[in-house]
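> Pasting entry-v1.pdb below, which is PDB, C-alpha atoms, pLDDT in the B column.
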```
ATOM      1  CA  MET A   1      89.544  41.459  73.103  1.00 54.00           C
ATOM      2  CA  ASN A   2      86.267  42.119  74.931  1.00 65.00           C
ATOM      3  CA  TRP A   3      86.101  43.059  78.609  1.00 68.00           C
ATOM      4  CA  THR A   4      85.025  39.576  79.690  1.00 71.00           C
ATOM      5  CA  ALA A   5      87.993  37.928  78.010  1.00 70.00           C
ATOM      6  CA  PHE A   6      90.284  40.653  79.385  1.00 77.00           C
ATOM      7  CA  ALA A   7      89.082  40.063  82.955  1.00 79.00           C
ATOM      8  CA  MET A   8      89.488  36.318  82.531  1.00 80.00           C
ATOM      9  CA  SER A   9      93.017  36.692  81.177  1.00 83.00           C
ATOM     10  CA  VAL A  10      94.163  39.052  83.916  1.00 89.00           C
ATOM     11  CA  GLY A  11      92.524  36.985  86.661  1.00 89.00           C
ATOM     12  CA  LEU A  12      94.130  33.794  85.386  1.00 89.00           C
ATOM     13  CA  ALA A  13      97.542  35.440  85.161  1.00 92.00           C
ATOM     14  CA  VAL A  14      97.339  36.864  88.689  1.00 95.00           C
ATOM     15  CA  ALA A  15      96.303  33.504  90.155  1.00 94.00           C
ATOM     16  CA  ALA A  16      99.039  31.670  88.249  1.00 93.00           C
ATOM     17  CA  GLY A  17     101.659  34.198  89.298  1.00 94.00           C
ATOM     18  CA  LEU A  18     100.772  33.917  92.986  1.00 95.00           C
ATOM     19  CA  VAL A  19     100.328  30.163  93.268  1.00 94.00           C
ATOM     20  CA  GLY A  20     103.485  29.588  91.223  1.00 92.00           C
ATOM     21  CA  CYS A  21     105.656  31.398  93.774  1.00 94.00           C
ATOM     22  CA  PHE A  22     105.119  28.679  96.357  1.00 92.00           C
ATOM     23  CA  ALA A  23     105.512  25.934  93.761  1.00 88.00           C
ATOM     24  CA  VAL A  24     108.972  27.310  92.978  1.00 89.00           C
ATOM     25  CA  MET A  25     109.879  27.765  96.657  1.00 88.00           C
ATOM     26  CA  ARG A  26     108.731  24.188  97.366  1.00 80.00           C
ATOM     27  CA  ARG A  27     111.010  23.014  94.522  1.00 75.00           C
ATOM     28  CA  MET A  28     107.955  21.670  92.703  1.00 71.00           C
ATOM     29  CA  ALA A  29     108.682  23.282  89.331  1.00 65.00           C
ATOM     30  CA  LEU A  30     108.712  20.083  87.286  1.00 62.00           C
ATOM     31  CA  ALA A  31     106.138  18.387  89.498  1.00 62.00           C
ATOM     32  CA  SER A  32     103.760  21.322  89.113  1.00 63.00           C
ATOM     33  CA  ASP A  33     103.990  21.105  85.348  1.00 64.00           C
ATOM     34  CA  ALA A  34     103.314  17.370  85.514  1.00 67.00           C
ATOM     35  CA  LEU A  35     100.289  17.876  87.768  1.00 70.00           C
ATOM     36  CA  SER A  36      98.594  19.924  85.060  1.00 71.00           C
ATOM     37  CA  HIS A  37      98.630  16.849  82.811  1.00 73.00           C
ATOM     38  CA  VAL A  38      96.363  14.989  85.232  1.00 78.00           C
ATOM     39  CA  ALA A  39      93.476  16.887  83.628  1.00 78.00           C
ATOM     40  CA  LEU A  40      93.962  15.017  80.338  1.00 77.00           C
ATOM     41  CA  PRO A  41      91.993  11.800  81.078  1.00 80.00           C
ATOM     42  CA  GLY A  42      89.103  13.844  82.461  1.00 82.00           C
ATOM     43  CA  ILE A  43      89.060  15.939  79.307  1.00 78.00           C
ATOM     44  CA  GLY A  44      89.177  12.813  77.146  1.00 77.00           C
ATOM     45  CA  LEU A  45      86.323  11.170  79.054  1.00 81.00           C
ATOM     46  CA  ALA A  46      84.215  14.350  78.878  1.00 80.00           C
ATOM     47  CA  LEU A  47      84.742  14.546  75.118  1.00 76.00           C
ATOM     48  CA  ALA A  48      83.770  10.901  74.732  1.00 77.00           C
ATOM     49  CA  LEU A  49      80.556  11.579  76.675  1.00 80.00           C
ATOM     50  CA  HIS A  50      79.921  14.824  74.755  1.00 78.00           C
ATOM     51  CA  LEU A  51      80.327  16.948  77.885  1.00 79.00           C
ATOM     52  CA  ASN A  52      82.225  20.182  78.376  1.00 75.00           C
ATOM     53  CA  PRO A  53      85.930  19.238  78.577  1.00 75.00           C
ATOM     54  CA  VAL A  54      86.601  21.853  81.271  1.00 75.00           C
ATOM     55  CA  LEU A  55      84.269  19.978  83.629  1.00 81.00           C
ATOM     56  CA  GLY A  56      86.106  16.736  82.930  1.00 83.00           C
ATOM     57  CA  GLY A  57      89.469  18.363  83.482  1.00 81.00           C
ATOM     58  CA  MET A  58      88.310  19.909  86.739  1.00 83.00           C
ATOM     59  CA  ALA A  59      87.040  16.587  88.067  1.00 87.00           C
ATOM     60  CA  ALA A  60      90.229  14.751  87.084  1.00 85.00           C
ATOM     61  CA  LEU A  61      92.426  17.397  88.715  1.00 84.00           C
ATOM     62  CA  ALA A  62      90.418  17.312  91.932  1.00 86.00           C
ATOM     63  CA  ILE A  63      90.593  13.507  92.122  1.00 85.00           C
ATOM     64  CA  GLY A  64      94.267  13.475  91.156  1.00 81.00           C
ATOM     65  CA  THR A  65      95.132  16.097  93.765  1.00 82.00           C
ATOM     66  CA  LEU A  66      93.387  14.159  96.533  1.00 84.00           C
ATOM     67  CA  PHE A  67      95.131  10.986  95.361  1.00 80.00           C
ATOM     68  CA  VAL A  68      98.578  12.649  95.374  1.00 76.00           C
ATOM     69  CA  TRP A  69      98.001  14.197  98.794  1.00 80.00           C
ATOM     70  CA  GLY A  70      96.714  10.935 100.276  1.00 80.00           C
ATOM     71  CA  ILE A  71      99.625   8.826  99.039  1.00 77.00           C
ATOM     72  CA  GLU A  72     102.187  11.426 100.106  1.00 71.00           C
ATOM     73  CA  HIS A  73     100.920  11.553 103.677  1.00 72.00           C
ATOM     74  CA  ARG A  74     100.348   7.816 104.027  1.00 76.00           C
ATOM     75  CA  THR A  75     103.687   6.698 102.604  1.00 73.00           C
ATOM     76  CA  ARG A  76     105.843   9.838 103.055  1.00 68.00           C
ATOM     77  CA  ILE A  77     106.948   9.536  99.429  1.00 70.00           C
ATOM     78  CA  SER A  78     107.866  12.972  98.105  1.00 68.00           C
ATOM     79  CA  THR A  79     105.256  15.039  96.285  1.00 66.00           C
ATOM     80  CA  GLU A  80     107.400  15.145  93.142  1.00 67.00           C
ATOM     81  CA  THR A  81     107.634  11.333  92.977  1.00 72.00           C
ATOM     82  CA  VAL A  82     103.914  10.764  93.497  1.00 71.00           C
ATOM     83  CA  ILE A  83     102.965  13.405  90.934  1.00 69.00           C
ATOM     84  CA  GLY A  84     105.402  11.853  88.463  1.00 69.00           C
ATOM     85  CA  VAL A  85     103.681   8.470  88.723  1.00 76.00           C
ATOM     86  CA  VAL A  86     100.194   9.970  88.490  1.00 72.00           C
ATOM     87  CA  PHE A  87     101.296  12.101  85.538  1.00 68.00           C
ATOM     88  CA  SER A  88     102.476   9.057  83.569  1.00 72.00           C
ATOM     89  CA  LEU A  89      99.212   7.238  84.197  1.00 75.00           C
ATOM     90  CA  ALA A  90      97.112  10.294  83.334  1.00 72.00           C
ATOM     91  CA  LEU A  91      98.989  10.952  80.095  1.00 68.00           C
ATOM     92  CA  ALA A  92      98.548   7.358  78.958  1.00 72.00           C
ATOM     93  CA  ALA A  93      94.845   7.263  79.853  1.00 71.00           C
ATOM     94  CA  GLY A  94      94.155  10.649  78.299  1.00 66.00           C
ATOM     95  CA  SER A  95      95.879   9.729  75.050  1.00 66.00           C
ATOM     96  CA  MET A  96      93.672   6.651  74.752  1.00 71.00           C
ATOM     97  CA  LEU A  97      90.452   8.546  75.504  1.00 66.00           C
ATOM     98  CA  ALA A  98      91.014  11.521  73.189  1.00 60.00           C
ATOM     99  CA  SER A  99      92.406  11.560  69.668  1.00 59.00           C
ATOM    100  CA  GLY A 100      93.001  13.761  66.658  1.00 56.00           C
ATOM    101  CA  GLU A 101      91.994  17.419  66.801  1.00 61.00           C
ATOM    102  CA  GLU A 102      90.292  16.980  70.171  1.00 60.00           C
ATOM    103  CA  LEU A 103      93.564  15.817  71.705  1.00 59.00           C
ATOM    104  CA  VAL A 104      95.473  18.746  70.193  1.00 62.00           C
ATOM    105  CA  ASP A 105      92.927  21.187  71.617  1.00 62.00           C
ATOM    106  CA  ALA A 106      93.203  19.555  75.034  1.00 62.00           C
ATOM    107  CA  LEU A 107      96.991  19.716  74.969  1.00 62.00           C
ATOM    108  CA  LEU A 108      97.422  23.238  73.568  1.00 62.00           C
ATOM    109  CA  GLY A 109      94.136  24.918  74.428  1.00 61.00           C
ATOM    110  CA  ALA A 110      91.293  26.146  72.248  1.00 61.00           C
ATOM    111  CA  PRO A 111      90.290  29.676  73.288  1.00 59.00           C
ATOM    112  CA  GLY A 112      86.941  30.872  72.017  1.00 58.00           C
ATOM    113  CA  ARG A 113      83.784  32.570  73.137  1.00 58.00           C
ATOM    114  CA  LEU A 114      83.234  32.038  76.863  1.00 63.00           C
ATOM    115  CA  GLY A 115      79.862  30.967  78.208  1.00 67.00           C
ATOM    116  CA  PRO A 116      78.351  32.616  81.301  1.00 72.00           C
ATOM    117  CA  TRP A 117      79.306  29.754  83.631  1.00 72.00           C
ATOM    118  CA  GLU A 118      82.876  29.693  82.293  1.00 71.00           C
ATOM    119  CA  THR A 119      83.161  33.418  82.924  1.00 75.00           C
ATOM    120  CA  ALA A 120      81.798  33.041  86.447  1.00 78.00           C
ATOM    121  CA  LEU A 121      84.159  30.118  87.142  1.00 79.00           C
ATOM    122  CA  GLY A 122      87.126  32.033  85.763  1.00 80.00           C
ATOM    123  CA  VAL A 123      86.582  35.250  87.692  1.00 84.00           C
ATOM    124  CA  GLY A 124      85.415  33.560  90.895  1.00 89.00           C
ATOM    125  CA  GLY A 125      88.136  30.922  90.795  1.00 89.00           C
ATOM    126  CA  SER A 126      90.881  33.484  90.180  1.00 91.00           C
ATOM    127  CA  LEU A 127      89.693  35.567  93.118  1.00 93.00           C
ATOM    128  CA  ALA A 128      89.500  32.503  95.363  1.00 94.00           C
ATOM    129  CA  VAL A 129      93.033  31.328  94.500  1.00 95.00           C
ATOM    130  CA  SER A 130      94.501  34.814  94.891  1.00 95.00           C
ATOM    131  CA  ALA A 131      92.736  35.343  98.210  1.00 96.00           C
ATOM    132  CA  PHE A 132      93.933  31.969  99.518  1.00 96.00           C
ATOM    133  CA  VAL A 133      97.587  32.609  98.675  1.00 95.00           C
ATOM    134  CA  LEU A 134      97.590  36.167 100.033  1.00 95.00           C
ATOM    135  CA  THR A 135      95.791  35.348 103.286  1.00 95.00           C
ATOM    136  CA  GLN A 136      97.708  32.121 103.947  1.00 95.00           C
ATOM    137  CA  ARG A 137     101.133  33.281 102.771  1.00 94.00           C
ATOM    138  CA  ASN A 138     102.669  33.448 106.266  1.00 93.00           C
ATOM    139  CA  ARG A 139     101.418  29.969 107.165  1.00 94.00           C
ATOM    140  CA  LEU A 140     102.616  28.570 103.846  1.00 93.00           C
ATOM    141  CA  VAL A 141     106.079  30.069 104.393  1.00 93.00           C
ATOM    142  CA  LEU A 142     106.289  28.763 107.965  1.00 92.00           C
ATOM    143  CA  ALA A 143     105.236  25.270 106.881  1.00 91.00           C
ATOM    144  CA  LEU A 144     107.824  25.443 104.117  1.00 88.00           C
ATOM    145  CA  VAL A 145     110.628  26.473 106.489  1.00 86.00           C
ATOM    146  CA  SER A 146     109.815  24.039 109.295  1.00 88.00           C
ATOM    147  CA  GLU A 147     106.822  21.730 109.576  1.00 86.00           C
ATOM    148  CA  ASP A 148     107.560  21.124 113.254  1.00 88.00           C
ATOM    149  CA  VAL A 149     107.523  24.826 114.090  1.00 89.00           C
ATOM    150  CA  ALA A 150     104.357  25.246 112.022  1.00 89.00           C
ATOM    151  CA  ARG A 151     102.611  22.473 113.964  1.00 90.00           C
ATOM    152  CA  THR A 152     103.767  23.977 117.252  1.00 90.00           C
ATOM    153  CA  SER A 153     102.190  27.250 116.129  1.00 88.00           C
ATOM    154  CA  GLY A 154      98.865  25.489 115.671  1.00 90.00           C
ATOM    155  CA  ILE A 155      98.989  25.135 111.890  1.00 91.00           C
ATOM    156  CA  ARG A 156      97.451  21.976 110.465  1.00 90.00           C
ATOM    157  CA  VAL A 157     100.222  21.370 107.946  1.00 89.00           C
ATOM    158  CA  ALA A 158      98.624  18.428 106.098  1.00 87.00           C
ATOM    159  CA  ARG A 159      95.374  20.359 105.634  1.00 90.00           C
ATOM    160  CA  LEU A 160      97.264  23.448 104.474  1.00 92.00           C
ATOM    161  CA  GLU A 161      99.218  21.420 101.920  1.00 88.00           C
ATOM    162  CA  LEU A 162      95.996  19.908 100.587  1.00 89.00           C
ATOM    163  CA  LEU A 163      94.416  23.342 100.224  1.00 92.00           C
ATOM    164  CA  TYR A 164      97.504  24.577  98.365  1.00 91.00           C
ATOM    165  CA  LEU A 165      97.420  21.626  95.965  1.00 87.00           C
ATOM    166  CA  LEU A 166      93.703  22.219  95.364  1.00 89.00           C
ATOM    167  CA  ALA A 167      94.405  25.908  94.701  1.00 91.00           C
ATOM    168  CA  PHE A 168      97.038  24.885  92.170  1.00 88.00           C
ATOM    169  CA  ALA A 169      94.631  22.424  90.558  1.00 86.00           C
ATOM    170  CA  LEU A 170      91.946  25.117  90.324  1.00 87.00           C
ATOM    171  CA  THR A 171      94.437  27.479  88.689  1.00 88.00           C
ATOM    172  CA  VAL A 172      95.226  24.831  86.078  1.00 84.00           C
ATOM    173  CA  THR A 173      91.494  24.335  85.490  1.00 82.00           C
ATOM    174  CA  LEU A 174      91.037  28.053  84.861  1.00 81.00           C
ATOM    175  CA  GLY A 175      93.658  27.991  82.121  1.00 79.00           C
ATOM    176  CA  LEU A 176      92.610  24.845  80.260  1.00 75.00           C
ATOM    177  CA  ARG A 177      90.731  26.750  77.560  1.00 68.00           C
ATOM    178  CA  TYR A 178      93.590  29.194  76.941  1.00 67.00           C
ATOM    179  CA  LEU A 179      96.752  27.143  77.332  1.00 71.00           C
ATOM    180  CA  GLY A 180      95.804  23.472  77.520  1.00 68.00           C
ATOM    181  CA  VAL A 181      97.308  20.860  79.811  1.00 66.00           C
ATOM    182  CA  LEU A 182     100.778  20.985  78.243  1.00 65.00           C
ATOM    183  CA  LEU A 183     101.351  24.688  78.795  1.00 75.00           C
ATOM    184  CA  MET A 184      99.283  25.692  81.834  1.00 77.00           C
ATOM    185  CA  GLY A 185     101.910  24.465  84.274  1.00 79.00           C
ATOM    186  CA  SER A 186     104.433  26.674  82.493  1.00 84.00           C
ATOM    187  CA  LEU A 187     102.469  29.848  83.236  1.00 88.00           C
ATOM    188  CA  THR A 188     102.653  29.084  86.951  1.00 90.00           C
ATOM    189  CA  ILE A 189     106.370  28.292  86.916  1.00 90.00           C
ATOM    190  CA  ILE A 190     108.126  30.669  84.483  1.00 93.00           C
ATOM    191  CA  PRO A 191     106.899  33.987  85.985  1.00 95.00           C
ATOM    192  CA  ALA A 192     107.618  32.685  89.506  1.00 94.00           C
ATOM    193  CA  ALA A 193     111.102  31.557  88.459  1.00 93.00           C
ATOM    194  CA  THR A 194     111.734  35.023  87.025  1.00 95.00           C
ATOM    195  CA  ALA A 195     110.510  36.605  90.251  1.00 95.00           C
ATOM    196  CA  LYS A 196     112.704  34.380  92.413  1.00 92.00           C
ATOM    197  CA  HIS A 197     115.723  35.522  90.432  1.00 91.00           C
ATOM    198  CA  LEU A 198     114.879  39.224  90.729  1.00 92.00           C
ATOM    199  CA  ALA A 199     113.028  39.764  94.020  1.00 91.00           C
ATOM    200  CA  ARG A 200     114.571  40.182  97.461  1.00 88.00           C
ATOM    201  CA  ASN A 201     111.538  39.246  99.563  1.00 91.00           C
ATOM    202  CA  LEU A 202     108.186  37.492  99.332  1.00 92.00           C
ATOM    203  CA  ALA A 203     106.198  40.642  98.587  1.00 93.00           C
ATOM    204  CA  GLY A 204     108.580  41.501  95.765  1.00 93.00           C
ATOM    205  CA  MET A 205     108.388  37.957  94.438  1.00 95.00           C
ATOM    206  CA  PHE A 206     104.595  38.150  94.352  1.00 96.00           C
ATOM    207  CA  ALA A 207     104.684  41.494  92.550  1.00 96.00           C
ATOM    208  CA  VAL A 208     107.229  40.449  89.915  1.00 96.00           C
ATOM    209  CA  SER A 209     105.610  37.065  89.291  1.00 96.00           C
ATOM    210  CA  VAL A 210     102.152  38.575  88.816  1.00 96.00           C
ATOM    211  CA  ALA A 211     103.522  41.346  86.590  1.00 96.00           C
ATOM    212  CA  VAL A 212     105.363  38.875  84.344  1.00 97.00           C
ATOM    213  CA  ALA A 213     102.346  36.551  84.141  1.00 95.00           C
ATOM    214  CA  VAL A 214      99.951  39.384  83.254  1.00 95.00           C
ATOM    215  CA  PHE A 215     102.345  40.859  80.701  1.00 96.00           C
ATOM    216  CA  ALA A 216     103.015  37.488  79.066  1.00 94.00           C
ATOM    217  CA  THR A 217      99.298  36.691  78.879  1.00 91.00           C
ATOM    218  CA  LEU A 218      98.183  40.000  77.395  1.00 92.00           C
ATOM    219  CA  ALA A 219     101.181  40.420  75.083  1.00 94.00           C
ATOM    220  CA  GLY A 220     100.963  36.791  74.020  1.00 91.00           C
ATOM    221  CA  GLU A 221      97.281  37.093  73.156  1.00 87.00           C
ATOM    222  CA  ALA A 222      97.916  40.260  71.127  1.00 91.00           C
ATOM    223  CA  LEU A 223     100.821  38.688  69.242  1.00 94.00           C
ATOM    224  CA  ALA A 224      98.864  35.492  68.608  1.00 87.00           C
ATOM    225  CA  VAL A 225      96.007  37.465  67.047  1.00 86.00           C
ATOM    226  CA  HIS A 226      98.375  39.590  64.970  1.00 89.00           C
ATOM    227  CA  PHE A 227     100.382  36.653  63.597  1.00 90.00           C
ATOM    228  CA  HIS A 228      97.446  34.197  63.497  1.00 86.00           C
ATOM    229  CA  ARG A 229      99.135  31.721  65.798  1.00 84.00           C
ATOM    230  CA  PRO A 230      97.775  29.550  68.658  1.00 79.00           C
ATOM    231  CA  THR A 231      97.409  31.617  71.807  1.00 81.00           C
ATOM    232  CA  GLY A 232      98.900  29.249  74.390  1.00 81.00           C
ATOM    233  CA  PRO A 233     102.332  28.666  72.863  1.00 85.00           C
ATOM    234  CA  VAL A 234     102.794  32.391  72.173  1.00 89.00           C
ATOM    235  CA  ILE A 235     101.965  33.308  75.789  1.00 90.00           C
ATOM    236  CA  ILE A 236     104.513  30.832  77.118  1.00 90.00           C
ATOM    237  CA  ALA A 237     107.091  31.991  74.556  1.00 93.00           C
ATOM    238  CA  VAL A 238     106.690  35.566  75.801  1.00 95.00           C
ATOM    239  CA  ALA A 239     107.031  34.460  79.440  1.00 95.00           C
ATOM    240  CA  ALA A 240     110.158  32.467  78.596  1.00 95.00           C
ATOM    241  CA  ALA A 241     111.607  35.428  76.688  1.00 96.00           C
ATOM    242  CA  VAL A 242     111.141  37.638  79.757  1.00 96.00           C
ATOM    243  CA  PHE A 243     112.843  35.024  81.932  1.00 95.00           C
ATOM    244  CA  LEU A 244     115.828  34.771  79.575  1.00 95.00           C
ATOM    245  CA  ALA A 245     116.080  38.555  79.292  1.00 95.00           C
ATOM    246  CA  THR A 246     116.332  38.910  83.073  1.00 93.00           C
ATOM    247  CA  LEU A 247     119.055  36.287  83.548  1.00 90.00           C
ATOM    248  CA  PRO A 248     121.931  38.838  83.206  1.00 88.00           C
ATOM    249  CA  VAL A 249     120.321  41.006  85.901  1.00 83.00           C
ATOM    250  CA  ARG A 250     121.984  40.536  89.274  1.00 69.00           C
ATOM    251  CA  ARG A 251     119.816  40.785  92.356  1.00 63.00           C
ATOM    252  CA  THR A 252     121.152  43.284  94.833  1.00 50.00           C
ATOM    253  CA  ALA A 253     121.323  42.362  98.505  1.00 49.00           C
TER
END
```
What does the file become when written as structure tokens?


Amino acid sequence: MNWTAFAMSVGLAVAAGLVGCFAVMRRMALASDALSHVALPGIGLALALHLNPVLGGMAALAIGTLFVWGIEHRTRISTETVIGVVFSLALAAGSMLASGEELVDALLGAPGRLGPWETALGVGGSLAVSAFVLTQRNRLVLALVSEDVARTSGIRVARLELLYLLAFALTVTLGLRYLGVLLMGSLTIIPAATAKHLARNLAGMFAVSVAVAVFATLAGEALAVHFHRPTGPVIIAVAAAVFLATLPVRRTA
């Protein structure tokens, strides 16, 4: 692995580990995985127009995120329900727009040599997501505990929720090449679920989630190369193995 790919992998894992903590605390585990599938129609349309699929996925995720946020705050339907509807529509549209090997690559990822703009997007996007979560963590927690108290404290809760959803969407975009739309949501959820089981506070949850995500990414890439297997599924298999291995561990008070 060259240094560029290494930096991309670590940056992606750190961003996924951090943003996934709040997805788990918001009880959005399944919804977060479904949101990653919203990228599929954008990828399919980009392939049909002979454009870079990452650009299509990014556009679809941005539009889908704004759509989910708008419906949630206009109708007060839960985030999970709205994402579930959008996910079904996106999966159907994406399956019609992409087919064959292109669809498999979109679903499972197709890592390869990164271009300069992909490298810049990966490193810059990872830093932006990580910085957002770390600087806004107290506001995100307060909004999660009580929206009324958060508003009284001067926090614009709706705006904060939109920024969080956009940060999640950007994290998914960063991982499209490595894991694809089927597995990227898993990298945000499994390490965070492991951390929630083991950690006693938010700082500990961040640390454990990031550590598990980085380990799963690097170990998964090494194992995939050694056994000549697709990278994405191996990374998620490693993350899941870590989660299962920690289940017997009891968190101390």

> Per residue of stretch 139-190 of chain A within 12 Å of stretch 63-82 of chain A, what are the shortest atom pair and its distance in Å to one decimal, counting all atoms listed in the file, with rows by chain and residue number, as a Markdown table?


```
| residue | atom | partner | partner_atom | distance |
| --- | --- | --- | --- | --- |
| A:Val157 | CA | A:His73 | CA | 10.7 |
| A:Ala158 | CA | A:His73 | CA | 7.6 |
| A:Arg159 | CA | A:Trp69 | CA | 9.6 |
| A:Leu160 | CA | A:Trp69 | CA | 10.9 |
| A:Glu161 | CA | A:Trp69 | CA | 8.0 |
| A:Leu162 | CA | A:Trp69 | CA | 6.3 |
| A:Leu163 | CA | A:Thr65 | CA | 9.7 |
| A:Tyr164 | CA | A:Thr65 | CA | 9.9 |
| A:Leu165 | CA | A:Thr65 | CA | 6.4 |
| A:Leu166 | CA | A:Thr65 | CA | 6.5 |
| A:Ala167 | CA | A:Thr65 | CA | 9.9 |
| A:Phe168 | CA | A:Thr65 | CA | 9.1 |
| A:Ala169 | CA | A:Thr65 | CA | 7.1 |
| A:Leu170 | CA | A:Thr65 | CA | 10.2 |
| A:Val172 | CA | A:Thr65 | CA | 11.6 |
```

> Could you expand the PyMOL selection byres ((chain A and resi 132-139) around 9) into the explicit residues it covers here, written as a VMD selection string?

chain A and resid 15 18 to 19 22 127 to 131 140 to 144 150 155 157 160 163 to 164 167 202

> For the structure provided, state which residues fall under the PyMOL selection byres ((chain A and resi 234-248) around 9), and present them as a short mmCIF file (atom, residue, chain, number, x, y, z; two decimals) with C-alpha atoms, in the coordinates of the input.


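File part25.cif, as written:
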```cif
data_model
loop_
_atom_site.label_atom_id
_atom_site.label_comp_id
_atom_site.auth_asym_id
_atom_site.auth_seq_id
_atom_site.Cartn_x
_atom_site.Cartn_y
_atom_site.Cartn_z
CA LEU A 179 96.75 27.14 77.33
CA LEU A 183 101.35 24.69 78.80
CA MET A 184 99.28 25.69 81.83
CA SER A 186 104.43 26.67 82.49
CA LEU A 187 102.47 29.85 83.24
CA ILE A 190 108.13 30.67 84.48
CA PRO A 191 106.90 33.99 85.98
CA ALA A 193 111.10 31.56 88.46
CA THR A 194 111.73 35.02 87.02
CA ALA A 195 110.51 36.60 90.25
CA HIS A 197 115.72 35.52 90.43
CA LEU A 198 114.88 39.22 90.73
CA VAL A 212 105.36 38.88 84.34
CA ALA A 213 102.35 36.55 84.14
CA PHE A 215 102.34 40.86 80.70
CA ALA A 216 103.02 37.49 79.07
CA THR A 217 99.30 36.69 78.88
CA LEU A 218 98.18 40.00 77.40
CA ALA A 219 101.18 40.42 75.08
CA GLY A 220 100.96 36.79 74.02
CA GLU A 221 97.28 37.09 73.16
CA LEU A 223 100.82 38.69 69.24
CA ALA A 224 98.86 35.49 68.61
CA ARG A 229 99.14 31.72 65.80
CA PRO A 230 97.78 29.55 68.66
CA THR A 231 97.41 31.62 71.81
CA GLY A 232 98.90 29.25 74.39
CA PRO A 233 102.33 28.67 72.86
CA VAL A 249 120.32 41.01 85.90
CA ARG A 250 121.98 40.54 89.27
#
```

> Using only C-alpha atoms, which of the listed residues (A:Ala203, A:Val145, A:Val86, A:Met58) sits closest to A:Thr173?

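Nearest candidate to A:Thr173 out of A:Ala203, A:Val145, A:Val86, A:Met58: A:Met58.
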
> Taking (99.0, 37.4, 87.2) in the file's own coordinates, collect the residues within 6 Å, counting only C-alpha atoms, and hand them back as a ChimeraX atom specification.

/A:13-17,210,213-214

> At what distance in Å, to one decimal, does atom CA of A:Cys21 lie from atom CA of A:Leu61?

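For atom CA of A:Leu61 relative to atom CA of A:Cys21, the distance reads 19.9 Å.
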
> Which residue out of A:Pro53, A:Pro41, A:Arg151, A:Thr119 has the minimum interatomic distance to A:Leu89 when all atoms listed in the file are used?

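Of A:Pro53, A:Pro41, A:Arg151, A:Thr119, the one nearest A:Leu89 is A:Pro41, counting all atoms listed in the file.
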
> I'd like the residues picked by the PyMOL selection byres ((chain A and resi 174) around 9) written out as a ChimeraX atom specification, using the chain letters and numbers from the file.

/A:8,12,54,58,118,121-123,125-126,169-173,175-178

> Rounded to one decimal place, report the atom CA of A:Leu35-atom CA of A:Gly20 distance in Å.

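Atom CA of A:Gly20 lies at a distance of 12.6 Å from atom CA of A:Leu35.
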
> Of the candidates A:Ala120, A:Thr152, A:Ala199, A:Thr188, which one gets nearest to A:Thr4 if we count all atoms listed in the file?

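Looking at the shortest contact to A:Thr4, the residue is A:Ala120.
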
> Please compute the atom CA of A:Ala23-atom CA of A:Met205 distance, one decimal, in Å.

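According to the coordinates, atom CA of A:Ala23 and atom CA of A:Met205 are separated by 12.4 Å.
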